[in-house]
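Shown next: coords.csv, containing CSV, C-alpha atoms.
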chain,number,residue,atom,x,y,z
A,121,MET,CA,0.0,0.0,0.0
A,122,LYS,CA,2.8,2.4,0.9
A,123,TYR,CA,4.2,2.1,-2.7
A,124,ILE,CA,0.8,3.0,-4.2
A,125,ILE,CA,0.6,6.1,-1.9
A,126,ALA,CA,4.2,7.0,-2.8
A,127,LEU,CA,3.4,6.8,-6.5
A,128,VAL,CA,0.4,9.0,-6.0
A,129,GLY,CA,2.6,11.4,-4.0
A,130,LEU,CA,5.1,11.6,-6.8
A,131,LEU,CA,2.3,12.2,-9.3
A,132,VAL,CA,0.9,15.0,-7.1
A,133,VAL,CA,4.4,16.6,-6.8
A,134,PHE,CA,5.0,16.5,-10.5
A,135,ALA,CA,1.5,17.7,-11.4
A,136,LEU,CA,1.8,20.7,-9.0
A,137,THR,CA,5.3,21.5,-10.5
A,138,TYR,CA,4.1,21.0,-14.1
A,139,ILE,CA,1.2,23.5,-13.5
A,140,ALA,CA,3.7,26.2,-12.5
A,141,SER,CA,6.1,25.5,-15.4
A,142,SER,CA,7.1,28.7,-17.3
A,143,ASP,CA,7.5,26.8,-20.6
A,144,LYS,CA,6.2,23.2,-20.7
A,145,ARG,CA,7.5,22.5,-24.2
A,146,LYS,CA,11.1,22.9,-23.1
A,147,ILE,CA,11.0,20.3,-20.3
A,148,ARG,CA,13.6,17.6,-20.9
A,149,TYR,CA,12.4,14.4,-19.4
A,150,ARG,CA,15.4,12.1,-19.7
A,151,PRO,CA,17.5,14.0,-17.1
A,152,LEU,CA,14.5,14.1,-14.8
A,153,VAL,CA,14.0,10.3,-14.9
A,154,VAL,CA,17.7,9.7,-14.3
A,155,MET,CA,17.7,12.0,-11.3
A,156,VAL,CA,14.5,10.5,-9.7
A,157,VAL,CA,16.0,7.0,-10.1
A,158,LEU,CA,19.3,8.3,-8.5
A,159,GLN,CA,17.3,9.7,-5.6
A,160,ALA,CA,15.5,6.4,-5.1
A,161,VAL,CA,18.8,4.5,-5.2
A,162,LEU,CA,20.6,6.8,-2.8
A,163,ALA,CA,17.6,6.8,-0.4
A,164,PHE,CA,17.7,3.0,-0.5
A,165,ILE,CA,21.4,2.9,0.2
A,166,LEU,CA,21.3,5.4,3.1
A,167,LEU,CA,18.1,4.1,4.8
A,168,HIS,CA,18.1,0.4,4.0
A,169,THR,CA,21.6,-1.0,3.7
A,170,GLU,CA,24.6,-1.7,5.9
A,171,ILE,CA,26.8,0.5,3.6
A,172,GLY,CA,24.4,3.4,4.2
A,173,GLU,CA,24.3,2.7,7.9
A,174,PHE,CA,28.1,2.8,8.0
A,175,LEU,CA,28.3,6.0,6.0
A,176,VAL,CA,25.6,7.7,8.2
A,177,ARG,CA,27.3,6.5,11.3
A,178,GLY,CA,30.7,7.8,10.1
A,179,PHE,CA,29.2,11.2,9.2
A,180,ALA,CA,27.3,11.4,12.6
A,181,GLU,CA,30.4,10.4,14.5
A,182,ALA,CA,32.5,13.0,12.7
A,183,PHE,CA,30.0,15.7,13.6
A,184,GLY,CA,29.7,14.3,17.1
A,185,SER,CA,33.5,14.7,17.6
A,186,LEU,CA,33.4,18.3,16.2
A,187,LEU,CA,30.6,19.1,18.6
A,188,LYS,CA,32.6,17.8,21.5
A,189,TYR,CA,35.5,20.0,20.5
A,190,ALA,CA,33.1,22.9,20.2
A,191,GLY,CA,31.9,22.1,23.7
A,192,GLU,CA,35.4,22.7,25.0
A,193,GLY,CA,35.2,26.3,23.9
A,194,ILE,CA,31.6,26.8,25.0
A,195,ASN,CA,32.3,25.3,28.5
A,196,PHE,CA,35.3,27.6,28.9
A,197,VAL,CA,33.1,30.7,28.4
A,198,PHE,CA,29.7,29.5,29.7
A,199,GLY,CA,30.6,26.7,32.1
A,200,GLY,CA,28.5,26.7,35.2
A,201,ILE,CA,25.7,28.9,33.8
A,202,ALA,CA,23.3,25.9,33.5
A,203,ASN,CA,21.9,23.8,36.3
A,204,GLU,CA,23.2,20.2,36.6
A,205,GLY,CA,21.7,18.1,33.8
A,206,ALA,CA,20.2,21.1,32.1
A,207,ALA,CA,20.7,21.6,28.3
A,208,PRO,CA,20.0,25.2,27.2
A,209,PHE,CA,19.2,25.3,23.5
A,210,PHE,CA,21.3,28.3,22.7
A,211,ILE,CA,24.4,26.9,24.4
A,212,ASN,CA,24.2,23.3,23.4
A,213,VAL,CA,22.7,23.5,19.9
A,214,LEU,CA,23.4,27.0,18.4
A,215,LEU,CA,26.8,28.0,19.8
A,216,PRO,CA,28.6,25.0,18.2
A,217,ILE,CA,27.8,26.7,14.8
A,218,VAL,CA,30.7,29.1,15.7
A,219,PHE,CA,33.3,26.3,15.7
A,220,ILE,CA,31.8,24.6,12.6
A,221,SER,CA,31.9,27.9,10.8
A,222,ALA,CA,35.6,28.4,11.7
A,223,LEU,CA,36.4,24.9,10.4
A,224,ILE,CA,34.7,25.7,7.1
A,225,GLY,CA,36.8,28.9,6.9
A,226,ILE,CA,40.0,26.9,7.3
A,227,LEU,CA,39.0,24.4,4.6
A,228,GLN,CA,38.2,27.3,2.3
A,229,TYR,CA,41.5,29.0,3.1
A,230,ILE,CA,43.6,25.9,2.3
A,231,LYS,CA,41.5,25.5,-1.0
A,232,VAL,CA,40.1,22.1,0.0
A,233,LEU,CA,36.4,23.1,-0.2
A,234,PRO,CA,36.7,25.1,-3.5
A,235,PHE,CA,38.3,22.0,-5.1
A,236,ILE,CA,35.6,19.6,-3.8
A,237,ILE,CA,32.7,22.0,-4.7
A,238,LYS,CA,34.0,22.7,-8.2
A,239,TYR,CA,34.6,19.1,-9.3
A,240,ILE,CA,31.5,17.6,-7.7
A,241,GLY,CA,29.5,20.4,-9.5
A,242,ILE,CA,31.1,19.5,-12.8
A,243,ILE,CA,30.1,15.8,-12.3
A,244,LEU,CA,26.6,16.8,-11.4
A,245,SER,CA,26.3,18.9,-14.5
A,246,LYS,CA,26.7,15.8,-16.6
A,247,VAL,CA,23.8,14.1,-14.8
A,248,ASN,CA,21.3,16.9,-14.5
A,249,GLY,CA,21.7,18.4,-18.0
A,250,MET,CA,22.1,21.9,-16.6
A,251,GLY,CA,25.0,24.3,-16.6
A,252,LYS,CA,28.3,24.2,-14.7
A,253,LEU,CA,27.4,27.3,-12.8
A,254,GLU,CA,24.0,25.9,-11.6
A,255,SER,CA,25.7,22.6,-10.5
A,256,TYR,CA,28.5,24.4,-8.7
A,257,ASN,CA,26.0,26.7,-7.0
A,258,ALA,CA,23.9,23.7,-5.7
A,259,VAL,CA,27.0,22.0,-4.1
A,260,ALA,CA,28.3,25.3,-2.8
A,261,SER,CA,24.9,26.2,-1.3
A,262,ALA,CA,24.9,22.9,0.6
A,263,ILE,CA,28.3,23.7,2.2
A,264,LEU,CA,28.6,27.5,2.4
A,265,GLY,CA,25.0,28.6,3.0
A,266,GLN,CA,22.1,30.3,1.1
A,267,SER,CA,23.5,33.8,1.2
A,268,GLU,CA,27.3,33.3,1.3
A,269,VAL,CA,27.2,31.2,-1.9
A,270,PHE,CA,26.3,34.1,-4.1
A,271,ILE,CA,29.5,35.9,-3.2
A,272,SER,CA,31.6,33.2,-4.8
A,273,VAL,CA,29.8,33.7,-8.2
A,274,LYS,CA,29.3,37.5,-8.0
A,275,LYS,CA,31.1,38.1,-11.3
A,276,GLN,CA,28.3,36.4,-13.1
A,277,ILE,CA,25.3,37.5,-11.1
A,278,GLY,CA,24.7,40.6,-13.2
A,279,LEU,CA,25.0,38.7,-16.5
A,280,LEU,CA,22.4,36.0,-15.7
A,281,PRO,CA,19.0,35.9,-17.4
A,282,LYS,CA,16.0,35.5,-15.1
A,283,HIS,CA,15.6,31.7,-15.7
A,284,ARG,CA,19.2,30.9,-14.6
A,285,LEU,CA,19.0,33.2,-11.6
A,286,TYR,CA,15.8,31.3,-10.5
A,287,THR,CA,17.7,28.0,-10.6
A,288,LEU,CA,20.6,29.4,-8.5
A,289,CYS,CA,18.2,30.8,-5.9
A,290,ALA,CA,16.1,27.6,-5.9
A,291,SER,CA,19.2,25.5,-5.0
A,292,ALA,CA,20.1,27.9,-2.2
A,293,MET,CA,16.6,27.6,-0.7
A,294,SER,CA,16.4,23.8,-1.1
A,295,THR,CA,19.6,23.0,0.7
A,296,VAL,CA,21.1,23.8,4.1
A,297,SER,CA,24.6,24.9,5.0
A,298,MET,CA,27.1,22.6,6.7
A,299,SER,CA,27.6,25.0,9.5
A,300,ILE,CA,24.2,24.2,11.0
A,301,VAL,CA,24.0,20.5,10.1
A,302,GLY,CA,25.5,19.7,13.6
A,303,ALA,CA,22.6,21.6,15.2
A,304,TYR,CA,20.1,19.6,13.2
A,305,MET,CA,21.7,16.4,14.2
A,306,GLN,CA,21.1,17.2,17.9
A,307,MET,CA,17.3,17.4,17.2
A,308,LEU,CA,16.8,14.8,14.5
A,309,ASN,CA,18.2,11.3,13.8
A,310,PRO,CA,21.4,11.9,11.8
A,311,LYS,CA,20.4,9.3,9.1
A,312,TYR,CA,17.4,11.5,8.2
A,313,VAL,CA,19.5,14.6,8.0
A,314,VAL,CA,22.1,13.0,5.8
A,315,THR,CA,19.4,11.5,3.5
A,316,ALA,CA,17.7,14.9,3.2
A,317,LEU,CA,21.0,16.6,2.3
A,318,VAL,CA,21.6,14.1,-0.5
A,319,LEU,CA,18.1,14.0,-1.9
A,320,ASN,CA,17.5,17.8,-1.8
A,321,LEU,CA,20.6,18.3,-4.0
A,322,PHE,CA,19.0,16.3,-6.8
A,323,GLY,CA,15.5,17.4,-5.9
A,324,GLY,CA,16.3,21.1,-6.5
A,325,PHE,CA,17.4,20.3,-10.1
A,326,ILE,CA,14.3,18.1,-10.7
A,327,ILE,CA,11.8,20.7,-9.6
A,328,ALA,CA,13.7,23.7,-11.2
A,329,SER,CA,14.0,21.7,-14.5
A,330,ILE,CA,10.2,21.5,-14.7
A,331,ILE,CA,9.2,24.9,-13.2
A,332,ASN,CA,11.9,26.7,-15.1
A,333,PRO,CA,13.1,24.6,-18.1
A,334,TYR,CA,15.9,25.9,-20.4
A,335,LYS,CA,18.9,24.7,-22.3
A,336,ILE,CA,22.3,26.4,-22.0
A,337,GLU,CA,24.4,26.8,-25.1
A,338,LYS,CA,28.0,25.7,-24.9
A,339,GLU,CA,29.4,29.2,-25.2
A,340,ASP,CA,27.2,30.3,-22.2
A,341,ASP,CA,28.2,27.4,-20.0
A,342,LEU,CA,30.9,29.2,-18.1
A,343,LEU,CA,31.9,29.1,-14.4
A,344,GLU,CA,33.8,32.0,-12.9
A,345,VAL,CA,34.4,31.5,-9.2
A,346,GLN,CA,35.3,34.7,-7.3
A,347,GLU,CA,38.6,34.3,-5.5
A,348,GLU,CA,38.2,35.4,-1.9
A,349,GLU,CA,40.0,38.6,-0.9
A,350,LYS,CA,43.6,37.9,0.2
A,351,GLN,CA,43.7,37.7,4.0
A,352,SER,CA,46.1,36.4,6.5
A,353,PHE,CA,45.1,33.1,8.2
A,354,PHE,CA,44.0,34.8,11.4
A,355,GLU,CA,42.1,37.6,9.7
A,356,MET,CA,40.1,34.9,7.8
A,357,LEU,CA,39.6,32.8,11.0
A,358,GLY,CA,38.4,35.8,13.0
A,359,GLU,CA,35.9,36.6,10.2
A,360,TYR,CA,34.5,33.1,10.0
A,361,ILE,CA,34.2,32.9,13.8
A,362,MET,CA,32.3,36.1,13.9
A,363,ASP,CA,30.1,35.0,11.0
A,364,GLY,CA,29.3,31.8,12.8
A,365,PHE,CA,28.4,33.7,15.9
A,366,LYS,CA,26.1,36.1,13.9
A,367,VAL,CA,24.3,33.0,12.5
A,368,ALA,CA,23.8,31.6,16.0
A,369,ILE,CA,22.5,34.9,17.4
A,370,THR,CA,20.3,35.4,14.3
A,371,VAL,CA,18.7,31.9,14.7
A,372,ALA,CA,18.3,32.5,18.4
A,373,ALA,CA,16.5,35.8,17.8
A,374,MET,CA,14.3,34.3,15.1
A,375,LEU,CA,13.4,31.5,17.5
A,376,ILE,CA,12.5,33.9,20.3
A,377,GLY,CA,10.3,35.9,18.0
A,378,PHE,CA,8.6,33.1,16.0
A,379,VAL,CA,8.0,30.8,19.0
A,380,ALA,CA,6.5,33.8,21.0
A,381,LEU,CA,4.3,34.9,18.0
A,382,ILE,CA,3.1,31.4,17.3
A,383,ALA,CA,2.2,31.0,20.9
A,384,MET,CA,0.2,34.3,20.9
A,385,VAL,CA,-1.5,33.4,17.6
A,386,ASN,CA,-2.4,29.9,18.9
A,387,GLY,CA,-3.8,31.6,22.0
A,388,ILE,CA,-6.0,34.0,20.0
A,389,PHE,CA,-7.3,31.3,17.7
A,390,THR,CA,-8.1,29.0,20.6
A,391,TRP,CA,-10.0,31.7,22.3
A,392,VAL,CA,-11.9,32.8,19.2
A,393,PHE,CA,-12.3,29.5,17.3
A,394,GLY,CA,-11.7,26.8,19.8
A,395,ILE,CA,-8.8,25.5,17.8
A,396,SER,CA,-5.1,26.6,17.7
A,397,PHE,CA,-3.6,28.1,14.6
A,398,GLN,CA,-1.1,25.3,14.3
A,399,ALA,CA,-3.8,22.7,14.6
A,400,LEU,CA,-5.8,24.5,11.9
A,401,LEU,CA,-2.8,24.5,9.6
A,402,GLY,CA,-2.4,20.8,10.3
A,403,TYR,CA,-5.7,20.1,8.6
A,404,VAL,CA,-4.7,22.1,5.6
A,405,PHE,CA,-1.4,20.3,5.2
A,406,ALA,CA,-2.7,16.8,6.2
A,407,PRO,CA,-3.4,15.7,2.6
A,408,PHE,CA,0.2,16.5,1.6
A,409,ALA,CA,1.5,14.6,4.6
A,410,PHE,CA,-0.7,11.6,3.6
A,411,VAL,CA,0.6,11.5,0.0
A,412,MET,CA,4.1,11.7,1.4
A,413,GLY,CA,3.5,8.3,3.0
A,414,ILE,CA,2.3,9.4,6.5
A,415,PRO,CA,-0.6,7.4,8.0
A,416,TRP,CA,-3.9,9.4,7.9
A,417,SER,CA,-4.2,9.0,11.7
A,418,GLU,CA,-1.0,11.0,12.1
A,419,ALA,CA,-1.3,13.3,9.1
A,420,VAL,CA,-2.8,16.3,11.0
A,421,GLN,CA,0.0,16.3,13.6
A,422,ALA,CA,2.6,15.9,10.8
A,423,GLY,CA,0.9,18.6,8.7
A,424,SER,CA,1.0,21.0,11.6
A,425,ILE,CA,4.8,20.6,11.9
A,426,MET,CA,5.2,21.0,8.2
A,427,ALA,CA,3.2,24.2,8.2
A,428,THR,CA,5.1,25.6,11.1
A,429,LYS,CA,8.3,25.2,9.1
A,430,LEU,CA,6.9,27.0,6.2
A,431,VAL,CA,5.5,30.0,8.1
A,432,SER,CA,8.4,30.3,10.6
A,433,ASN,CA,11.6,28.2,10.1
A,434,GLU,CA,13.0,24.7,10.3
A,435,PHE,CA,14.3,25.1,13.8
A,436,VAL,CA,10.9,26.0,15.3
A,437,ALA,CA,9.4,23.0,13.5
A,438,MET,CA,12.2,20.6,14.6
A,439,LEU,CA,11.6,21.7,18.2
A,440,ASP,CA,7.9,21.0,17.8
A,441,LEU,CA,8.7,17.5,16.3
A,442,THR,CA,10.8,16.7,19.4
A,443,LYS,CA,7.9,17.5,21.6
A,444,GLN,CA,5.4,15.3,19.8
A,445,THR,CA,4.4,12.0,21.3
A,446,GLY,CA,2.6,9.1,19.7
A,447,LEU,CA,4.1,9.5,16.2
A,448,SER,CA,5.5,6.4,14.6
A,449,GLU,CA,9.1,6.1,13.6
A,450,ARG,CA,8.1,6.1,9.9
A,451,THR,CA,6.2,9.4,10.4
A,452,ILE,CA,9.1,11.0,12.3
A,453,GLY,CA,11.5,9.9,9.5
A,454,ILE,CA,9.4,11.4,6.7
A,455,VAL,CA,8.7,14.7,8.5
A,456,SER,CA,12.4,14.9,9.5
A,457,VAL,CA,13.5,14.7,5.8
A,458,PHE,CA,10.9,17.3,4.9
A,459,LEU,CA,12.2,19.7,7.6
A,460,VAL,CA,15.9,19.7,6.4
A,461,SER,CA,15.8,22.7,4.1
A,462,PHE,CA,15.6,26.5,4.1
A,463,ALA,CA,12.2,26.5,2.4
A,464,ASN,CA,10.3,29.1,4.4
A,465,PHE,CA,9.0,32.7,3.9
A,466,SER,CA,11.9,34.3,5.7
A,467,SER,CA,14.4,32.8,3.2
A,468,ILE,CA,12.8,34.8,0.4
A,469,GLY,CA,14.1,38.0,2.2
A,470,ILE,CA,17.5,36.4,3.0
A,471,ILE,CA,18.2,35.3,-0.6
A,472,SER,CA,16.9,38.4,-2.3
A,473,GLY,CA,18.8,40.6,0.1
A,474,ALA,CA,22.0,38.6,-0.5
A,475,VAL,CA,21.7,39.0,-4.3
A,476,LYS,CA,20.7,42.7,-4.0
A,477,GLY,CA,23.8,43.3,-1.9
A,478,LEU,CA,25.8,42.2,-4.9
A,479,HIS,CA,23.6,43.5,-7.8
A,480,GLU,CA,20.6,45.7,-7.0
A,481,LYS,CA,18.7,45.0,-10.2
A,482,GLN,CA,19.0,41.3,-9.9
A,483,GLY,CA,18.0,41.4,-6.3
A,484,ASN,CA,14.7,43.1,-7.3
A,485,VAL,CA,14.2,40.3,-9.9
A,486,VAL,CA,14.6,37.6,-7.2
A,487,ALA,CA,12.1,39.5,-4.9
A,488,ARG,CA,9.6,39.4,-7.7
A,489,PHE,CA,9.7,35.6,-8.2
A,490,GLY,CA,10.1,35.0,-4.4
A,491,LEU,CA,6.8,33.2,-3.9
A,492,LYS,CA,7.4,30.9,-6.9
A,493,LEU,CA,10.8,30.2,-5.4
A,494,LEU,CA,9.3,29.2,-2.1
A,495,TYR,CA,6.7,27.1,-4.0
A,496,GLY,CA,9.4,25.2,-5.8
A,497,ALA,CA,11.6,24.7,-2.8
A,498,THR,CA,8.7,23.3,-0.8
A,499,LEU,CA,7.9,20.8,-3.5
A,500,VAL,CA,11.6,19.8,-3.3
A,501,SER,CA,11.1,19.0,0.4
A,502,VAL,CA,7.9,17.1,-0.4
A,503,LEU,CA,9.6,15.1,-3.2
A,504,SER,CA,12.6,14.1,-0.9
A,505,ALA,CA,10.3,13.1,1.9
A,506,THR,CA,8.1,11.0,-0.4
A,507,ILE,CA,11.1,9.1,-1.8
A,508,ALA,CA,12.5,8.6,1.7
A,509,GLY,CA,9.2,7.2,2.8
A,510,LEU,CA,9.5,4.4,0.3
A,511,PHE,CA,12.3,2.9,2.5
A,512,LEU,CA,11.1,3.6,6.0

What do you get writing this file as C-alpha cells?
Amino acid sequence: MKYIIALVGLLVVFALTYIASSDKRKIRYRPLVVMVVLQAVLAFILLHTEIGEFLVRGFAEAFGSLLKYAGEGINFVFGGIANEGAAPFFINVLLPIVFISALIGILQYIKVLPFIIKYIGIILSKVNGMGKLESYNAVASAILGQSEVFISVKKQIGLLPKHRLYTLCASAMSTVSMSIVGAYMQMLNPKYVVTALVLNLFGGFIIASIINPYKIEKEDDLLEVQEEEKQSFFEMLGEYIMDGFKVAITVAAMLIGFVALIAMVNGIFTWVFGISFQALLGYVFAPFAFVMGIPWSEAVQAGSIMATKLVSNEFVAMLDLTKQTGLSERTIGIVSVFLVSFANFSSIGIISGAVKGLHEKQGNVVARFGLKLLYGATLVSVLSATIAGLFL
C-alpha cells in the first residue's frame, strides 16, 4: 500500500510542478527520470543497507566529535551557567555553529572546499543536464549557505537571465549549510539529516527543471568563481568565527520571535475559534502529509509541523517535532526529511537581500519571483520526503 501512496505522492508533486512551469515545451524528461532514479537508489542505500548505515554513522560520529571540540570552547566561556543536567538550546545547539563555521573557513582558506565543490559540481552537470554554474552553486549552497554562496559567483550574477537566476536561488533555498548540520543532528536522527541533504541536492534540479526549463548553449556554459580577498590566516579565522556567531545569534533571535508569535496566535485562535492556529494548519497540510506516506491517523499532527516550518523556520518545526508523542518512527522519519531545508517565507528575504547586496537590479528580480521560489523549494522537500518514505 505504501508504494501506491508514494506513487500518488510523486504524481501530485510533478503535477503541481508542471502546472507552475514557465515553458512546458522545453521540459527535458530524460535527465528528470535519471535524477529521480538516482534519488531512489541513494535513499535505499542510506536508509536500507549496511553500507548506508556505515556512511551515516561515520558522518554522525565525525560531527559528534566536532561538537565535543566545540563544547570545550563553550564550556570555557559558559561553564556553570546551566543547572546540573540542564541543556540550554542556545548553548548546546546553536553555539557549536561558531566552531563549525571556523572549520569551514579553514577548509576554504587551504583550498580544499573550493576544489571539492567545483569538481562535484562538474560531475553533477553531466547528470542533471544543466550548466556548470548551476551545478557548482547547488553544491556550494549545501556547504557555504544560502547567502554566502552568491559571493563566490558574484562576477556572473549581473549577467544571468531571469531563468538561470531562479535555478541558483532555488538551489540555495532547497539545501542547508554545513555550519548548521550539527545543530540539526542534535534534534533529528542523523540518518534523516544525511538523507535529506543528498536527496535535496538532486530534488532542487528536478523541480527547477520543470518549473523553469531551459537549455544552456556551450558558449554560455561558463563558471567563474570569485577568489576570496587575500587575507592572513588569522584575519580569515576571525571573520568566519564572527560569521558563525552572527548565525547563532540570528537563529536564536528568530526562534524567540517566532515561538512567541506562534504561541500568541495559537492563544488567539483557541480563544476565538476553539482550535489553535497550528492545529488548523495541520488540517490544511494533512493531505500533503498523507501522500508523502504518513498514515492518515498521524497526518494532521505531521501537517501542523510541516506548516510551522513554512511560516516560521525549520528550527521551530524541529523543536515541535521533538515534543510530539505518539508518532510512529516512519512518520518521524518522513517529517524529518521534509524539515531539512531552508524553504520558508523568511528565506525569500534572505536570498533576495544577499543578491541585492551584490547587484541591486538582480535582487529586485529575485524578490519578484520570491513566492514561486518558495513554492518550488517546498515541492523539493515534499519530493525528498516522499522518496525517503519508500524505504522507511

Q) So which residues touch A:Ser396 within 7 Å, counting all atoms listed in the file, skipping near sequence neighbours fewer than 5 positions away, as number ranges by chain? A) A: 386-387, 389-390

Output file for the residues above (C-alpha atoms, as a CSV table (one decimal), keeping the file's coordinate frame):
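Listing of part-v9.csv after writing:
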chain,number,residue,atom,x,y,z
A,386,ASN,CA,-2.4,29.9,18.9
A,387,GLY,CA,-3.8,31.6,22.0
A,389,PHE,CA,-7.3,31.3,17.7
A,390,THR,CA,-8.1,29.0,20.6

Q. Nearest to A:Ser299: which of A:Tyr149, A:Tyr239, A:Phe270, A:Phe183 is it, counting only C-alpha atoms?
A. A:Phe183

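When only C-alpha atoms are used to compute distances to A:Glu480, the closest of the residues A:Arg450, A:Lys231, A:Lys274, A:Arg284 turns out to be A:Lys274.
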
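If you look at atom CA of A:Lys122 and atom CA of A:Ile507, they are 11.0 Å away from each other.
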
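Closest approach to A:Val153 among A:Leu288, A:Ile336, A:Ile452, A:Ile327 is made by A:Ile327 (distances from only C-alpha atoms).
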
Env of stretch 367-378 of chain A: 9 Å cut, atoms = only C-alpha atoms, seq-sep filter 5 positions within chain, self excluded. Answer as a PDB file with C-alpha atoms, in the frame of the given file.
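Just written: selection-v4.pdb:
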ATOM      1  CA  PHE A 209      19.200  25.300  23.500  1.00  0.00           C
ATOM      2  CA  PHE A 210      21.300  28.300  22.700  1.00  0.00           C
ATOM      3  CA  LEU A 214      23.400  27.000  18.400  1.00  0.00           C
ATOM      4  CA  LEU A 215      26.800  28.000  19.800  1.00  0.00           C
ATOM      5  CA  PRO A 216      28.600  25.000  18.200  1.00  0.00           C
ATOM      6  CA  ILE A 217      27.800  26.700  14.800  1.00  0.00           C
ATOM      7  CA  VAL A 218      30.700  29.100  15.700  1.00  0.00           C
ATOM      8  CA  ILE A 300      24.200  24.200  11.000  1.00  0.00           C
ATOM      9  CA  MET A 362      32.300  36.100  13.900  1.00  0.00           C
ATOM     10  CA  ALA A 383       2.200  31.000  20.900  1.00  0.00           C
ATOM     11  CA  SER A 432       8.400  30.300  10.600  1.00  0.00           C
ATOM     12  CA  ASN A 433      11.600  28.200  10.100  1.00  0.00           C
ATOM     13  CA  PHE A 435      14.300  25.100  13.800  1.00  0.00           C
ATOM     14  CA  VAL A 436      10.900  26.000  15.300  1.00  0.00           C
TER      15      VAL A 436
END

Please tabulate, as a Markdown table, the residues of stretch 385-464 of chain A that come within 8 Å of stretch 497-505 of chain A, each with its closest pair of atoms and the distance in Å to one decimal, counting all atoms listed in the file and ordering rows by chain, then residue number upward.
| residue | atom | partner | partner_atom | distance |
| --- | --- | --- | --- | --- |
| A:Phe408 | CA | A:Val502 | CA | 8.0 |
| A:Met412 | CA | A:Ala505 | CA | 6.4 |
| A:Ile454 | CA | A:Ala505 | CA | 5.2 |
| A:Val455 | CA | A:Ala505 | CA | 7.0 |
| A:Val457 | CA | A:Ala505 | CA | 5.3 |
| A:Phe458 | CA | A:Ser501 | CA | 4.8 |
| A:Leu459 | CA | A:Ser501 | CA | 7.3 |
| A:Val460 | CA | A:Ser501 | CA | 7.7 |
| A:Ser461 | CA | A:Ser501 | CA | 7.0 |
| A:Ala463 | CA | A:Ala497 | CA | 5.5 |
| A:Asn464 | CA | A:Thr498 | CA | 8.0 |

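Relative to atom CA of A:Ile414, atom CA of A:Val318 is found at 21.1 Å.
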
Q. Can you tell me how far atom CA of A:Lys144 sits from atom CA of A:Tyr334, in Å to one decimal?
A. 10.1 Å

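With all atoms listed in the file as the atoms that count, the minimum distance from A:Tyr256 to the choices A:Phe405, A:Phe511, A:Phe235, A:Phe397 is reached by A:Phe235.
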